[in-house]
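Enquirer: Input: one structure, supplied below.
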Amino acid sequence: MTESHGSLSVRSAWRDVPPLLVRRFAALALDEVPALAQDILREIRAEYPGLPVVLDDSGEPMALIGIRRALEGFVQQIAAGEGRPCYPLEVFQEFGRGEGLHGRSLDSLQAIYRLGVRLAWRRLAEIGQQIEIPPPAMYELAESGFEYLDGLVDQSVRGYAEAAARQAGERLRLQRKLMELLLSERRGEAWTGVQGDSASAGGPYSASAQPGGALDERAARVGWQLPERVAVGVLLRPAREAVAPAVGQGVLLDMETEQPRMVIPDPDAAGRPELLKRAMAGWSGAIGPPVPLADAAKSLRWAQAAVRLMERGLLPSGEVLHCTEYTEALVLLQPEELIEDLARRCLAPLAHCGPAHGRRLAETLLAWLETRGGAPEVAARLGVHPQTVRYRLRQIRELWGDEVDDPDRRFELELVLRARRLRGELGWVGRPGVRG
């Protein structure tokens with residue numbers, strides 16, 4: 001039986017083979033190595049005709065060097081009785097790296113290895129039979145050969161993983177560079193203003209802009225086809241160690257920022273919203289409105305604004321919102337200073353009313369502005385008696401006078417009162433659950 005690490009145990013059939021016979025076996029096998037390596041490579045190429053030929057500095061195929069070194073290493077190991085096999089690390093790690101860099105799986109490489117071992121073992125068995133090594137010893141030798149093969153595969157897997165990690169890291173770096181260019185407010189190097197048929201026809205770059213060389217080049221390097229329209233999302237991590245959502249290859253995702261960002265191509269394409277909803281389960285954040293590709297930064301600004309409102313508790317949290325469904329809140333709550341200044345002027349008549357009474361008058365005024373109905377309609381909206389509404393409306397007339405009949409003043413009053421309601425300062429009477 002064989003020990004671990006490919007060595008033959010002291011109490012084994014192979015160890016019982018006379019040393020002189022072992023040395024003779026090793027000498028014959030080593031003599032066969034150059035021709036055997038050529039035969040193995042020939043068979044591999046016949047079985048896998050698409051296998052690329054990579055040459056070393058001397059012009060010799062790297063595969064041939066690897067096969068020869070693997071055979072020599074194994075024969076020398078069994079001849080010397082070494083406890084731990086020595087693998088030709090750099091060659092087989094390079095094979096694994098090559099598979100990874102060419103986008104192939106390790107399955108084909110392992111199949112090639114198995115083919116090589118099968119051919120090698122056939123010849124070694126012939127040598128063993130020729131010099132009359134006992135069959136039990138040859139069986140143990142076969143076990144050691146397959147264990148040796150496992151070691152070579154491990155080295156290739158290591159090289160493959162290294163190449164895959166390097167490629168993934170490079171792709172993420174290039175993807176972040178592409179996103180930086182797409183989301184830049186100063187798009188001078190990415191876009192060139194072009195007035196012409198595309199813009200007038202409402203084409204993909206109808207914002208008087210078309211992609212420039214830098215953007216085209218970076219998109220091509222990550223295999224991203226420039227879409228007509230995009231939406232930009234900003235995410236809030238459910239936890240520091242949260243795994244990136246599986247948004248699919250077409251969506252650009254940058255997880256390196258404090259608030260991850262994503263660029264969604266053709267956001268209204270069939271199946272895209274459903275796919276994103278499933279991928280975003282457990283995440284929260286906001287997706288900006290769909291815009292032409294050249295205006296990606298504008299979609300980002302709206303998504304950032306929505307996330308800020310979510311963090312303040314002014315928009316629902318715990319899910320990924322679409323800004324287009326919360327237009328009112330984004331328009332009224334984002335320019336806070338302007339709305340507050342307008343509110344101070346428009347709601348000045350309430351300054352001398354008590355807080356509770358002032359709130360009731362404000363809710364009544366907003367209900368009247370929204371319904372433009374009489375006391376019964378407003379009362380139904382507020383859930384109070386029509387006579388109570390008539391009393392409040394008379395007070396409103398006394399406080400604002402003819403201003404409530406001026407269209408511009410009514411519009412301003414409705415804006416500031418809706419903003420107050422969105423902030424929770426007024427009740428959502430008659431419209432439970434509406435936030436858009």
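Residue names in the structure tokens use chain letters A, B, ... in the order shown, residue numbers from 1 in each chain, and ligand numbers from 1 in the order shown.
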Excluding Gly128 (chain A) and residues on its chain fewer than 2 positions from it, collect all residues at most 10 Å away from it, counting only C-alpha atoms, and give them as a list in words.

Expert: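 After dropping sequence-adjacent residues, the list is Leu21, Val22, Arg24, Phe25, Ala26, Leu28, Ala29, Arg123, Leu124, Ala125, Glu126, Gln130, Ile131, Glu132, Ile133, Pro134, Pro135, Ala137 and Met138 of chain A.
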
Enquirer: Write the selection just made, keeping N, CA, C and O atoms, as a compact mmCIF listing (two decimals), in the first residue's frame?

Expert:
# COMPACT_ATOMS: atom_id res chain seq x y z
N LEU A 21 16.97 -4.04 -9.17
CA LEU A 21 15.88 -4.10 -10.14
C LEU A 21 15.17 -2.74 -10.25
O LEU A 21 14.76 -2.32 -11.34
N VAL A 22 15.05 -2.06 -9.11
CA VAL A 22 14.44 -0.73 -9.11
C VAL A 22 15.27 0.23 -9.95
O VAL A 22 14.75 1.01 -10.76
N ARG A 24 17.34 -0.49 -12.33
CA ARG A 24 17.24 -0.86 -13.74
C ARG A 24 15.92 -0.36 -14.34
O ARG A 24 15.89 0.15 -15.47
N PHE A 25 14.85 -0.50 -13.56
CA PHE A 25 13.55 0.01 -14.02
C PHE A 25 13.63 1.52 -14.26
O PHE A 25 13.17 2.02 -15.29
N ALA A 26 14.23 2.23 -13.29
CA ALA A 26 14.31 3.68 -13.41
C ALA A 26 15.16 4.08 -14.60
O ALA A 26 14.83 5.03 -15.34
N LEU A 28 15.74 2.40 -17.43
CA LEU A 28 15.01 2.15 -18.66
C LEU A 28 13.89 3.19 -18.87
O LEU A 28 13.67 3.66 -19.99
N ALA A 29 13.22 3.51 -17.78
CA ALA A 29 12.13 4.49 -17.88
C ALA A 29 12.66 5.86 -18.26
O ALA A 29 12.08 6.55 -19.11
N ARG A 123 3.33 2.44 -20.92
CA ARG A 123 4.73 2.17 -21.22
C ARG A 123 5.49 1.68 -19.99
O ARG A 123 6.32 0.76 -20.08
N LEU A 124 5.21 2.29 -18.82
CA LEU A 124 5.89 1.85 -17.60
C LEU A 124 5.53 0.40 -17.27
O LEU A 124 6.36 -0.37 -16.79
N ALA A 125 4.28 0.04 -17.53
CA ALA A 125 3.86 -1.35 -17.28
C ALA A 125 4.61 -2.32 -18.19
O ALA A 125 4.99 -3.42 -17.78
N GLU A 126 4.85 -1.89 -19.44
CA GLU A 126 5.62 -2.73 -20.37
C GLU A 126 7.05 -2.93 -19.86
O GLU A 126 7.60 -4.05 -19.92
N GLN A 130 8.78 -6.38 -18.69
CA GLN A 130 10.01 -6.77 -19.38
C GLN A 130 11.08 -7.24 -18.40
O GLN A 130 11.77 -8.24 -18.65
N ILE A 131 11.23 -6.54 -17.26
CA ILE A 131 12.27 -6.92 -16.30
C ILE A 131 11.70 -7.72 -15.14
O ILE A 131 12.36 -7.91 -14.12
N GLU A 132 10.44 -8.12 -15.25
CA GLU A 132 9.81 -9.05 -14.32
C GLU A 132 9.67 -8.50 -12.90
O GLU A 132 9.98 -9.17 -11.92
N ILE A 133 9.17 -7.29 -12.81
CA ILE A 133 8.80 -6.74 -11.49
C ILE A 133 7.46 -7.35 -11.11
O ILE A 133 6.52 -7.38 -11.93
N PRO A 134 7.30 -7.84 -9.89
CA PRO A 134 6.07 -8.51 -9.47
C PRO A 134 4.84 -7.62 -9.67
O PRO A 134 4.89 -6.41 -9.40
N PRO A 135 3.74 -8.19 -10.13
CA PRO A 135 2.51 -7.40 -10.35
C PRO A 135 2.05 -6.59 -9.13
O PRO A 135 1.65 -5.44 -9.29
N ALA A 137 3.75 -5.10 -6.91
CA ALA A 137 4.58 -3.88 -6.84
C ALA A 137 4.15 -2.89 -7.92
O ALA A 137 4.09 -1.67 -7.69
N MET A 138 3.82 -3.37 -9.09
CA MET A 138 3.40 -2.49 -10.17
C MET A 138 2.03 -1.86 -9.87
O MET A 138 1.77 -0.70 -10.22

Enquirer: Give one line per residue of region 301-407 of chain A that approaches region 270-288 of chain A to at most 12 Å, naming the two atoms of the closest pair and their distance in Å to one decimal, counting only C-alpha atoms; sort by chain then ascending residue number and deliver it as JSON lines.

Expert:
{"residue": "A:Arg301", "atom": "CA", "partner": "A:Gly288", "partner_atom": "CA", "distance": 7.6}
{"residue": "A:Trp302", "atom": "CA", "partner": "A:Gly288", "partner_atom": "CA", "distance": 5.4}
{"residue": "A:Ala303", "atom": "CA", "partner": "A:Gly288", "partner_atom": "CA", "distance": 4.5}
{"residue": "A:Gln304", "atom": "CA", "partner": "A:Ala286", "partner_atom": "CA", "distance": 7.5}
{"residue": "A:Ala305", "atom": "CA", "partner": "A:Ala286", "partner_atom": "CA", "distance": 8.8}
{"residue": "A:Ala306", "atom": "CA", "partner": "A:Ala286", "partner_atom": "CA", "distance": 6.2}
{"residue": "A:Val307", "atom": "CA", "partner": "A:Gly285", "partner_atom": "CA", "distance": 5.9}
{"residue": "A:Arg308", "atom": "CA", "partner": "A:Gly285", "partner_atom": "CA", "distance": 9.5}
{"residue": "A:Leu309", "atom": "CA", "partner": "A:Ala286", "partner_atom": "CA", "distance": 10.2}
{"residue": "A:Met310", "atom": "CA", "partner": "A:Gly285", "partner_atom": "CA", "distance": 7.9}
{"residue": "A:Glu311", "atom": "CA", "partner": "A:Gly285", "partner_atom": "CA", "distance": 9.6}
{"residue": "A:Leu315", "atom": "CA", "partner": "A:Ala286", "partner_atom": "CA", "distance": 10.1}
{"residue": "A:Pro316", "atom": "CA", "partner": "A:Ser284", "partner_atom": "CA", "distance": 9.4}
{"residue": "A:Ser317", "atom": "CA", "partner": "A:Ser284", "partner_atom": "CA", "distance": 6.4}
{"residue": "A:Gly318", "atom": "CA", "partner": "A:Ser284", "partner_atom": "CA", "distance": 4.9}
{"residue": "A:Glu319", "atom": "CA", "partner": "A:Ser284", "partner_atom": "CA", "distance": 4.1}
{"residue": "A:Val320", "atom": "CA", "partner": "A:Ser284", "partner_atom": "CA", "distance": 4.5}
{"residue": "A:Leu321", "atom": "CA", "partner": "A:Ala286", "partner_atom": "CA", "distance": 4.6}
{"residue": "A:His322", "atom": "CA", "partner": "A:Ile287", "partner_atom": "CA", "distance": 4.9}
{"residue": "A:Cys323", "atom": "CA", "partner": "A:Gly288", "partner_atom": "CA", "distance": 5.2}
{"residue": "A:Thr324", "atom": "CA", "partner": "A:Gly288", "partner_atom": "CA", "distance": 7.3}
{"residue": "A:Glu325", "atom": "CA", "partner": "A:Gly288", "partner_atom": "CA", "distance": 10.1}
{"residue": "A:Tyr326", "atom": "CA", "partner": "A:Ala286", "partner_atom": "CA", "distance": 10.2}
{"residue": "A:Thr327", "atom": "CA", "partner": "A:Gly288", "partner_atom": "CA", "distance": 10.5}
{"residue": "A:Leu330", "atom": "CA", "partner": "A:Gly288", "partner_atom": "CA", "distance": 10.9}

Enquirer: Pick from A:Met262, A:Val416, A:Val230, A:Leu181: nearest to Leu215 (chain A), with only C-alpha atoms counted?

Expert: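 Using only C-alpha atoms, the shortest distance to Leu215 (chain A) belongs to A:Leu181.
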
Enquirer: Find, counting only C-alpha atoms, the residue in A:Ala70, A:Ala27, A:Val117, A:Leu361 that gets nearest to Ile44 (chain A).

Expert: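 Looking at the shortest contact to Ile44 (chain A), the residue is A:Val117.
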
Enquirer: Can you work out the spacing between CA of Pro227 (chain A) and CA of Ala329 (chain A) in Å, to one decimal?

Expert: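 That distance, rounded to one decimal, is 29.0 Å.
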
Enquirer: If you count only C-alpha atoms, which residues fall within 8 Å of Cys346 (chain A), apart from same-chain ones fewer than 5 positions away, as an NGL selection string?

Expert: :A and (409 or 412-413 or 416)

Enquirer: Give the helix (DSSP H, G or I) residues of region 162-401 of chain A, as assigned by DSSP on the backbone, as a PyMOL selection string.

Expert: chain A and resi 162-182+197-200+213-221+272-279+293-311+323-325+327-333+336-346+348-352+355-371+375-382+386-401
